[in-house]
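Shown next, in structure tokens, is the structure this report addresses.
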Protein chains: 2
Amino acid sequence: MNRLSLNDDDKRVRQWFVEQVKACGCTVKVDQMGNIFATRSGSNNSLPPIAMGSHLDTQPAGGRYDGIVGVLSALEALRTLQDHRVETYAPIAVVNWTNEEGARFPPAMLASGVWGGAFTLEHGHSRTDASGKTVKSELARIGFLGDTGCSCDANPLSAHFEVHIEQGPALEAEGLRVGVVTGVQSMNWYNVVLRGREQHCGTTPMHMRADTLLCAAKMIQAINAQALSLPGSLASVAVINSTPQSINTLAGRVQFNIDARASSNELLVQLEERLEAACRDIASKDGVQIELWDRIWQCPKTAFDDTAVEMVRQSVRKVEGGKFKEMISGAGHDSVYTARKVPTAMIFIRCKGGISHNPVEFSTQEDIQAGANVLLGAVLRYDEYLKERDLAK
Amino acid sequence: MNRLSLNDDDKRVRQWFVEQVKACGCTVKVDQMGNIFATRSGSNNSLPPIAMGSHLDTQPAGGRYDGIVGVLSALEALRTLQDHRVETYAPIAVVNWTNEEGARFPPAMLASGVWGGAFTLEHGHSRTDASGKTVKSELARIGFLGDTGCSCDANPLSAHFEVHIEQGPALEAEGLRVGVVTGVQSMNWYNVVLRGREQHCGTTPMHMRADTLLCAAKMIQAINAQALSLPGSLASVAVINSTPQSINTLAGRVQFNIDARASSNELLVQLEERLEAACRDIASKDGVQIELWDRIWQCPKTAFDDTAVEMVRQSVRKVEGGKFKEMISGAGHDSVYTARKVPTAMIFIRCKGGISHNPVEFSTQEDIQAGANVLLGAVLRYDEYLKERDLAK
């Protein structure tokens, strides 16, 4: 799947999604960031809807499950309510969040981030892809630049529940279908630019070089080694660019990004310090300058709402018996930003080999069904909770 | 200087060059690869001209000396003959060879390679730049797709002499202006493609990865270490590309090039074996596949012509006294390919810090003057040699 945010395929799946939810009798709102809110009325429509949300965009070489399972599970839950003529107390919404992957328009979770107040609307609109096109111009081009305000204040929700594939190997290793996600690990992204010397590869003795790419190669290994030596942390380099891209001229400029994560904010600070110290040490030994060391994105550890998590826990007990795992998410999700404003919880489902962001990404129909059932049960329980809370007033 | 071969700046400098040589009374021929031959008549025009050649194209972030010094020294030598009304025995030509750098259209020395029979004309014409434009279409666009046959048979020379900056630190280290180049080291280029797994950077445990970029980083270090451990050899990686360029998805495909050189063909074979073994070992330990290991260019060691080199030696003794160094070129030059067909020799001049392929590239006026004087002296001596040889018949 290569459905980068706001491309023509994204336009088509959005149009399909709107058709589906309209067929279920939903009203549809599109906000200023292109987030789509499909709402089914409840008996008390003065309450903001309880949302089931995720995303339909993918990585450039992504799979068919990451995000998509969450939106389709929500759609199936909605259809089930419709088929069984269930009247909920609060309205129920299905949400497709724009540009969760951030692969075309960094950073990730951009539009849920605007809704949750992590980014301004101007920041969201002005993000650009590699060709310089902005989010706003691409939203307008595909017909999804809506006029609903993109914020929790302008367009509130009562809660947010999200089903997602685990994208890791833990559930598979323990033979479990479903995980109850209690929070998301702490995450930072960095942009690093190195400056060495462009020199002729054939005439410059090995000891007289300021070889920028060799220096970057040492840093990539050191970044890996630092994370390995700090349990609970992860560090990865996936993007690199060397200039001037001439086979016989040593690179004079190398840019790379670091993705660093840890189970706590304190541990991530420690990891950052170690990564930067290791890279500065290598640069200084190699005679290469670190021209830029920039933390371009920071997302502190998220703890999900106790009540919302408890509704998921009760639902999964019903669906899967005692068979589930409480876990922390390694990946960021739209729920990270909804959690800043409203009670939020997530449900993980098992995926094959823990592999994600890859065309071989896979979850079985049975695991997806379990996740959708847990989602619906959690939403109905939360709806009951809201009703009881109102009655107790 | 960013005068990539056949761009608009290259067109302008070619037009300027043609004006200059016509002002010296030369006749101008442009061949099928856009090589420009400016010929000044001698007393025996049945002989092919003695050529002084180099190139006017540069690296994308190149200097103002690499190649350019050779063409301008030749032009100055030509003007000196004209100013002093010197009648040579053989005709004398100044040659601007197309696409010596190979930075826009790999490989390097493409058009002298076609002239020297290393590449077919079809191969030369069909090389493409990053945007897919061919050499032939760009030659036509800038008006330098000539009709003279591009081969030594169709358009012969009697000999080829080339002045070039050293691009290395040896002359500076010994306080010398000029080097007599007796040959060029053995050179290979490789294209390597690695295939690992695209995986989520936040959810994939460090020990469950097939991290393609981390594997490439280890290879880059190993390639460096192998060359360091084999005296007389050089190995460099300057070009790298990782896919899919998403900060939170491990690269699944990494492409890089290796530039490997050695003082003998045998040593280069040994280096190649060591590089490949080291990379295969790393790949197998990291669970990454070497999808492609391709030797894309091979240029065996060149030994220049004894007579032509002796003419340079005699000339440099006159110009610089005993102060010169006999040396092997680390870089490829157009003279590598002319040497396959006609007696060839080169003259190096000192350049600051040995730095080349870089905007700070620099040689003093005095060093350039010395090189041009040696060039003219060598050409006149070779002309005398041809005359005496004919008289002896």
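As shown in the structure tokens, the chain order sets the letters A, B, ...; within each chain, residues go from 1, and ligands are also counted from 1 in the order they appear.
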(request) Using only C-alpha atoms, find which residues of chain A lie within 6 Å of chain B and jot them down as a list of chain:residue names. (result)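 So the contacting residues turn out to be A:Ala103, A:Gln167, A:Gly168, A:Glu198, A:Gln199, A:His200, A:Gly202, A:Thr203, A:Thr204, A:Ala217, A:Ala238, A:Val239, A:Gln245, A:Ser246, A:Ile247, A:Leu250, A:Ala251, A:Gly330, A:Ala331, A:Ile355, A:Ser356, A:His357, A:Asn358.
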Taking N, CA and C atoms for each residue, export the selection above as a PDB file, in the first residue's frame.
```pdb
ATOM      1  N   ALA A 103       4.545  10.522   6.686  1.00  0.00           N
ATOM      2  CA  ALA A 103       5.587  10.087   5.742  1.00  0.00           C
ATOM      3  C   ALA A 103       5.717  11.091   4.601  1.00  0.00           C
ATOM      4  N   GLN A 167       1.992  -3.792  15.748  1.00  0.00           N
ATOM      5  CA  GLN A 167       3.231  -3.398  15.060  1.00  0.00           C
ATOM      6  C   GLN A 167       4.469  -3.880  15.808  1.00  0.00           C
ATOM      7  N   GLY A 168       4.283  -4.817  16.702  1.00  0.00           N
ATOM      8  CA  GLY A 168       5.403  -5.380  17.448  1.00  0.00           C
ATOM      9  C   GLY A 168       5.096  -6.848  17.683  1.00  0.00           C
ATOM     10  N   GLU A 198      34.561  17.863   0.695  1.00  0.00           N
ATOM     11  CA  GLU A 198      34.504  17.202  -0.604  1.00  0.00           C
ATOM     12  C   GLU A 198      35.932  17.066  -1.104  1.00  0.00           C
ATOM     13  N   GLN A 199      36.347  15.826  -1.348  1.00  0.00           N
ATOM     14  CA  GLN A 199      37.720  15.589  -1.799  1.00  0.00           C
ATOM     15  C   GLN A 199      37.702  14.455  -2.821  1.00  0.00           C
ATOM     16  N   HIS A 200      38.722  14.436  -3.642  1.00  0.00           N
ATOM     17  CA  HIS A 200      38.795  13.436  -4.707  1.00  0.00           C
ATOM     18  C   HIS A 200      39.094  12.060  -4.102  1.00  0.00           C
ATOM     19  N   GLY A 202      40.194   9.441  -5.481  1.00  0.00           N
ATOM     20  CA  GLY A 202      41.329   8.718  -6.050  1.00  0.00           C
ATOM     21  C   GLY A 202      42.674   9.295  -5.662  1.00  0.00           C
ATOM     22  N   THR A 203      42.676  10.540  -5.186  1.00  0.00           N
ATOM     23  CA  THR A 203      43.951  11.231  -4.985  1.00  0.00           C
ATOM     24  C   THR A 203      44.178  11.664  -3.540  1.00  0.00           C
ATOM     25  N   THR A 204      43.136  11.596  -2.724  1.00  0.00           N
ATOM     26  CA  THR A 204      43.279  12.059  -1.346  1.00  0.00           C
ATOM     27  C   THR A 204      43.643  10.873  -0.451  1.00  0.00           C
ATOM     28  N   ALA A 217      28.501   6.982   9.065  1.00  0.00           N
ATOM     29  CA  ALA A 217      28.399   5.522   9.233  1.00  0.00           C
ATOM     30  C   ALA A 217      28.798   5.119  10.651  1.00  0.00           C
ATOM     31  N   ALA A 238      16.957   5.827   9.717  1.00  0.00           N
ATOM     32  CA  ALA A 238      16.362   5.239   8.512  1.00  0.00           C
ATOM     33  C   ALA A 238      16.517   6.143   7.301  1.00  0.00           C
ATOM     34  N   VAL A 239      16.680   7.437   7.551  1.00  0.00           N
ATOM     35  CA  VAL A 239      16.785   8.412   6.455  1.00  0.00           C
ATOM     36  C   VAL A 239      18.211   8.944   6.426  1.00  0.00           C
ATOM     37  N   GLN A 245      26.706  13.390  -4.212  1.00  0.00           N
ATOM     38  CA  GLN A 245      26.262  12.230  -4.994  1.00  0.00           C
ATOM     39  C   GLN A 245      27.120  12.005  -6.234  1.00  0.00           C
ATOM     40  N   SER A 246      28.411  12.066  -6.040  1.00  0.00           N
ATOM     41  CA  SER A 246      29.337  11.781  -7.137  1.00  0.00           C
ATOM     42  C   SER A 246      30.266  10.668  -6.650  1.00  0.00           C
ATOM     43  N   ILE A 247      30.374   9.595  -7.453  1.00  0.00           N
ATOM     44  CA  ILE A 247      31.052   8.382  -6.975  1.00  0.00           C
ATOM     45  C   ILE A 247      32.499   8.638  -6.563  1.00  0.00           C
ATOM     46  N   LEU A 250      34.332  12.494  -2.284  1.00  0.00           N
ATOM     47  CA  LEU A 250      33.853  12.233  -0.921  1.00  0.00           C
ATOM     48  C   LEU A 250      32.723  13.186  -0.577  1.00  0.00           C
ATOM     49  N   ALA A 251      31.697  12.677   0.089  1.00  0.00           N
ATOM     50  CA  ALA A 251      30.569  13.520   0.483  1.00  0.00           C
ATOM     51  C   ALA A 251      31.064  14.623   1.411  1.00  0.00           C
ATOM     52  N   GLY A 330       4.676   1.188  21.478  1.00  0.00           N
ATOM     53  CA  GLY A 330       5.984   1.670  21.013  1.00  0.00           C
ATOM     54  C   GLY A 330       5.843   2.770  19.979  1.00  0.00           C
ATOM     55  N   ALA A 331       4.735   2.737  19.265  1.00  0.00           N
ATOM     56  CA  ALA A 331       4.506   3.699  18.179  1.00  0.00           C
ATOM     57  C   ALA A 331       3.601   4.815  18.655  1.00  0.00           C
ATOM     58  N   ILE A 355       5.672  -7.393  12.223  1.00  0.00           N
ATOM     59  CA  ILE A 355       6.160  -6.566  11.109  1.00  0.00           C
ATOM     60  C   ILE A 355       5.107  -5.545  10.683  1.00  0.00           C
ATOM     61  N   SER A 356       5.547  -4.311  10.555  1.00  0.00           N
ATOM     62  CA  SER A 356       4.661  -3.223  10.129  1.00  0.00           C
ATOM     63  C   SER A 356       5.450  -2.263   9.237  1.00  0.00           C
ATOM     64  N   HIS A 357       4.756  -1.298   8.654  1.00  0.00           N
ATOM     65  CA  HIS A 357       5.392  -0.366   7.701  1.00  0.00           C
ATOM     66  C   HIS A 357       6.059  -1.185   6.606  1.00  0.00           C
ATOM     67  N   ASN A 358       5.362  -2.159   6.135  1.00  0.00           N
ATOM     68  CA  ASN A 358       5.933  -3.126   5.199  1.00  0.00           C
ATOM     69  C   ASN A 358       4.763  -3.819   4.511  1.00  0.00           C
TER      70      ASN A 358
END
```
(request) Using only C-alpha atoms, determine which residues lie at most 7 Å from region 123-126 of chain A, disregarding the query and same-chain residues fewer than 4 positions distant; provide the list as a VMD selection string. (result) chain A and resid 110 to 111 114 119 134 to 136
(request) Determine which residues of region 6-247 of chain A receive a DSSP assignment of strand (DSSP E or B), computed from the backbone, and state them as a PyMOL selection string. (result) chain A and resi 27-31+36-40+50-54+92-96+128+134+148+159-165+178-184+186-195+200+233-236+240-243
(request) Quick one: everything within 8 Å of Asn96 (chain B), counting only C-alpha atoms, minus sequence neighbours fewer than 3 positions away in the same chain. Send it as a PyMOL selection string. (result) chain B and resi 35-37+53-56+71
Give me a file of those residues, with N, CA, C and O atoms, as an mmCIF file, in the first residue's frame.
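Below you can see selection02.cif, which holds the result:
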```
data_model
loop_
_atom_site.group_PDB
_atom_site.id
_atom_site.type_symbol
_atom_site.label_atom_id
_atom_site.label_comp_id
_atom_site.auth_asym_id
_atom_site.auth_seq_id
_atom_site.Cartn_x
_atom_site.Cartn_y
_atom_site.Cartn_z
ATOM 1 N N ASN B 35 33.243 16.382 -28.411
ATOM 2 C CA ASN B 35 34.641 16.756 -28.198
ATOM 3 C C ASN B 35 35.004 17.832 -29.216
ATOM 4 O O ASN B 35 34.658 17.721 -30.396
ATOM 5 N N ILE B 36 35.716 18.886 -28.770
ATOM 6 C CA ILE B 36 36.079 19.994 -29.659
ATOM 7 C C ILE B 36 37.581 19.924 -29.951
ATOM 8 O O ILE B 36 38.391 19.916 -29.021
ATOM 9 N N PHE B 37 37.939 19.852 -31.228
ATOM 10 C CA PHE B 37 39.338 19.805 -31.668
ATOM 11 C C PHE B 37 39.640 21.106 -32.410
ATOM 12 O O PHE B 37 39.064 21.354 -33.473
ATOM 13 N N GLY B 53 45.223 18.420 -24.449
ATOM 14 C CA GLY B 53 43.793 18.358 -24.132
ATOM 15 C C GLY B 53 43.495 18.205 -22.660
ATOM 16 O O GLY B 53 44.343 17.754 -21.874
ATOM 17 N N SER B 54 42.297 18.579 -22.305
ATOM 18 C CA SER B 54 41.733 18.302 -20.978
ATOM 19 C C SER B 54 40.243 18.653 -21.070
ATOM 20 O O SER B 54 39.659 18.543 -22.158
ATOM 21 N N HIS B 55 39.643 19.053 -19.982
ATOM 22 C CA HIS B 55 38.175 19.218 -20.001
ATOM 23 C C HIS B 55 37.737 20.485 -19.277
ATOM 24 O O HIS B 55 38.397 20.939 -18.338
ATOM 25 N N LEU B 56 36.578 21.010 -19.690
ATOM 26 C CA LEU B 56 36.039 22.236 -19.089
ATOM 27 C C LEU B 56 34.833 21.958 -18.192
ATOM 28 O O LEU B 56 34.314 22.880 -17.561
ATOM 29 N N VAL B 71 42.992 22.895 -20.195
ATOM 30 C CA VAL B 71 42.535 23.508 -21.451
ATOM 31 C C VAL B 71 43.113 24.916 -21.590
ATOM 32 O O VAL B 71 43.576 25.302 -22.670
#
```
(message) Restricting the calculation to only C-alpha atoms: of A:Asp153, A:Leu6, A:Ala370, A:Val18, which residue gets closest to Lys133 (chain A)?
(response)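 With only C-alpha atoms as the atom set, the closest residue is A:Leu6.
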(message) Applying 6 Å and only C-alpha atoms, which residues near region 323-326 of chain A remain after dropping the ones on its own chain fewer than 4 positions away? List them as a PyMOL selection string.
(response) chain A and resi 178-181
Please write the residues from the selection above to a file, keeping N, CA, C and O atoms, as a compact mmCIF listing (two decimals), in the first residue's frame.
```txt
# COMPACT_ATOMS: atom_id res chain seq x y z
N VAL A 178 -5.36 -9.88 21.67
CA VAL A 178 -5.69 -8.49 21.97
C VAL A 178 -4.85 -7.95 23.12
O VAL A 178 -4.58 -8.66 24.10
N GLY A 179 -4.44 -6.68 22.99
CA GLY A 179 -3.74 -5.99 24.08
C GLY A 179 -4.51 -4.76 24.53
O GLY A 179 -5.14 -4.09 23.71
N VAL A 180 -4.48 -4.51 25.83
CA VAL A 180 -5.07 -3.29 26.39
C VAL A 180 -3.92 -2.30 26.56
O VAL A 180 -2.98 -2.56 27.32
N VAL A 181 -4.01 -1.19 25.81
CA VAL A 181 -2.88 -0.25 25.78
C VAL A 181 -3.11 0.82 26.83
O VAL A 181 -4.12 1.53 26.80
```
Helix (DSSP H, G or I) per DSSP on the backbone: members of region 131-283 of chain B, as an mmCIF file with C-alpha atoms, in the first residue's frame:
```cif
data_model
loop_
_atom_site.group_PDB
_atom_site.id
_atom_site.type_symbol
_atom_site.label_atom_id
_atom_site.label_comp_id
_atom_site.auth_asym_id
_atom_site.auth_seq_id
_atom_site.Cartn_x
_atom_site.Cartn_y
_atom_site.Cartn_z
ATOM 1 C CA VAL B 135 24.076 12.646 -23.636
ATOM 2 C CA LYS B 136 22.953 12.729 -27.275
ATOM 3 C CA SER B 137 19.840 14.830 -26.652
ATOM 4 C CA GLU B 138 21.769 17.256 -24.452
ATOM 5 C CA LEU B 139 24.567 17.534 -27.045
ATOM 6 C CA ALA B 140 21.926 18.402 -29.663
ATOM 7 C CA ARG B 141 20.206 20.861 -27.314
ATOM 8 C CA ALA B 170 52.520 14.974 -2.803
ATOM 9 C CA LEU B 171 53.946 17.961 -4.732
ATOM 10 C CA GLU B 172 53.046 20.397 -1.952
ATOM 11 C CA ALA B 173 54.609 18.102 0.643
ATOM 12 C CA MET B 206 16.452 -3.935 18.345
ATOM 13 C CA HIS B 207 17.276 -7.646 18.105
ATOM 14 C CA MET B 208 14.407 -8.441 15.681
ATOM 15 C CA THR B 212 19.521 -2.218 6.010
ATOM 16 C CA LEU B 213 21.035 1.168 6.752
ATOM 17 C CA LEU B 214 22.798 -0.056 9.893
ATOM 18 C CA CYS B 215 24.226 -2.883 7.777
ATOM 19 C CA ALA B 216 25.385 -0.404 5.117
ATOM 20 C CA ALA B 217 26.994 1.722 7.843
ATOM 21 C CA LYS B 218 29.011 -1.286 9.005
ATOM 22 C CA MET B 219 30.045 -1.993 5.401
ATOM 23 C CA ILE B 220 31.207 1.599 4.847
ATOM 24 C CA GLN B 221 33.442 1.282 7.893
ATOM 25 C CA ALA B 222 34.705 -2.122 6.784
ATOM 26 C CA ILE B 223 35.462 -0.851 3.267
ATOM 27 C CA ASN B 224 37.526 1.938 4.809
ATOM 28 C CA ALA B 225 39.322 -0.485 7.129
ATOM 29 C CA GLN B 226 40.139 -2.920 4.310
ATOM 30 C CA ALA B 227 41.802 -0.198 2.217
ATOM 31 C CA LEU B 228 43.717 1.082 5.237
ATOM 32 C CA ASN B 265 45.894 -4.355 -11.194
ATOM 33 C CA GLU B 266 46.858 -7.306 -8.986
ATOM 34 C CA LEU B 267 46.488 -5.234 -5.819
ATOM 35 C CA LEU B 268 43.056 -4.023 -6.968
ATOM 36 C CA VAL B 269 41.920 -7.623 -7.486
ATOM 37 C CA GLN B 270 43.054 -8.338 -3.929
ATOM 38 C CA LEU B 271 41.231 -5.262 -2.620
ATOM 39 C CA GLU B 272 38.053 -6.233 -4.447
ATOM 40 C CA GLU B 273 38.142 -9.718 -2.937
ATOM 41 C CA ARG B 274 38.611 -8.315 0.553
ATOM 42 C CA LEU B 275 35.857 -5.702 0.159
ATOM 43 C CA GLU B 276 33.346 -8.210 -1.120
ATOM 44 C CA ALA B 277 34.203 -10.793 1.543
ATOM 45 C CA ALA B 278 33.928 -8.218 4.324
ATOM 46 C CA CYS B 279 30.558 -6.951 3.051
ATOM 47 C CA ARG B 280 29.150 -10.466 2.562
ATOM 48 C CA ASP B 281 30.203 -11.376 6.081
ATOM 49 C CA ILE B 282 28.444 -8.307 7.552
ATOM 50 C CA ALA B 283 25.307 -8.886 5.461
#
```
(message) Can you measure CA of Glu100 (chain B) to CA of Ile165 (chain B) for me? One decimal in Å is fine.
(response)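 Computing it gives 14.3 Å between the two atoms.
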(request) Find the distance between CA of Val288 (chain B) and CA of Leu194 (chain B) and write it in Å to one decimal. (result)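 Going from CA of Val288 (chain B) over to CA of Leu194 (chain B) covers 6.7 Å.
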(request) Enter the distance from CA of Arg195 (chain B) to CA of Ile290 (chain B), in Å, rounded to one decimal. (result)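 Between CA of Arg195 (chain B) and CA of Ile290 (chain B) the gap is 6.4 Å.
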(message) Nearest residue to Thr364 (chain A) out of A:Arg64, A:Asn2, A:Tyr89, A:Asp57, using only C-alpha atoms?
(response)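 Among A:Arg64, A:Asn2, A:Tyr89, A:Asp57, it is A:Arg64 that comes nearest to Thr364 (chain A).
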(request) Could you tell me which of B:Glu366, B:Glu291, B:Glu122, B:Glu162 comes closest to Leu176 (chain B) if we count only C-alpha atoms? (result) B:Glu366
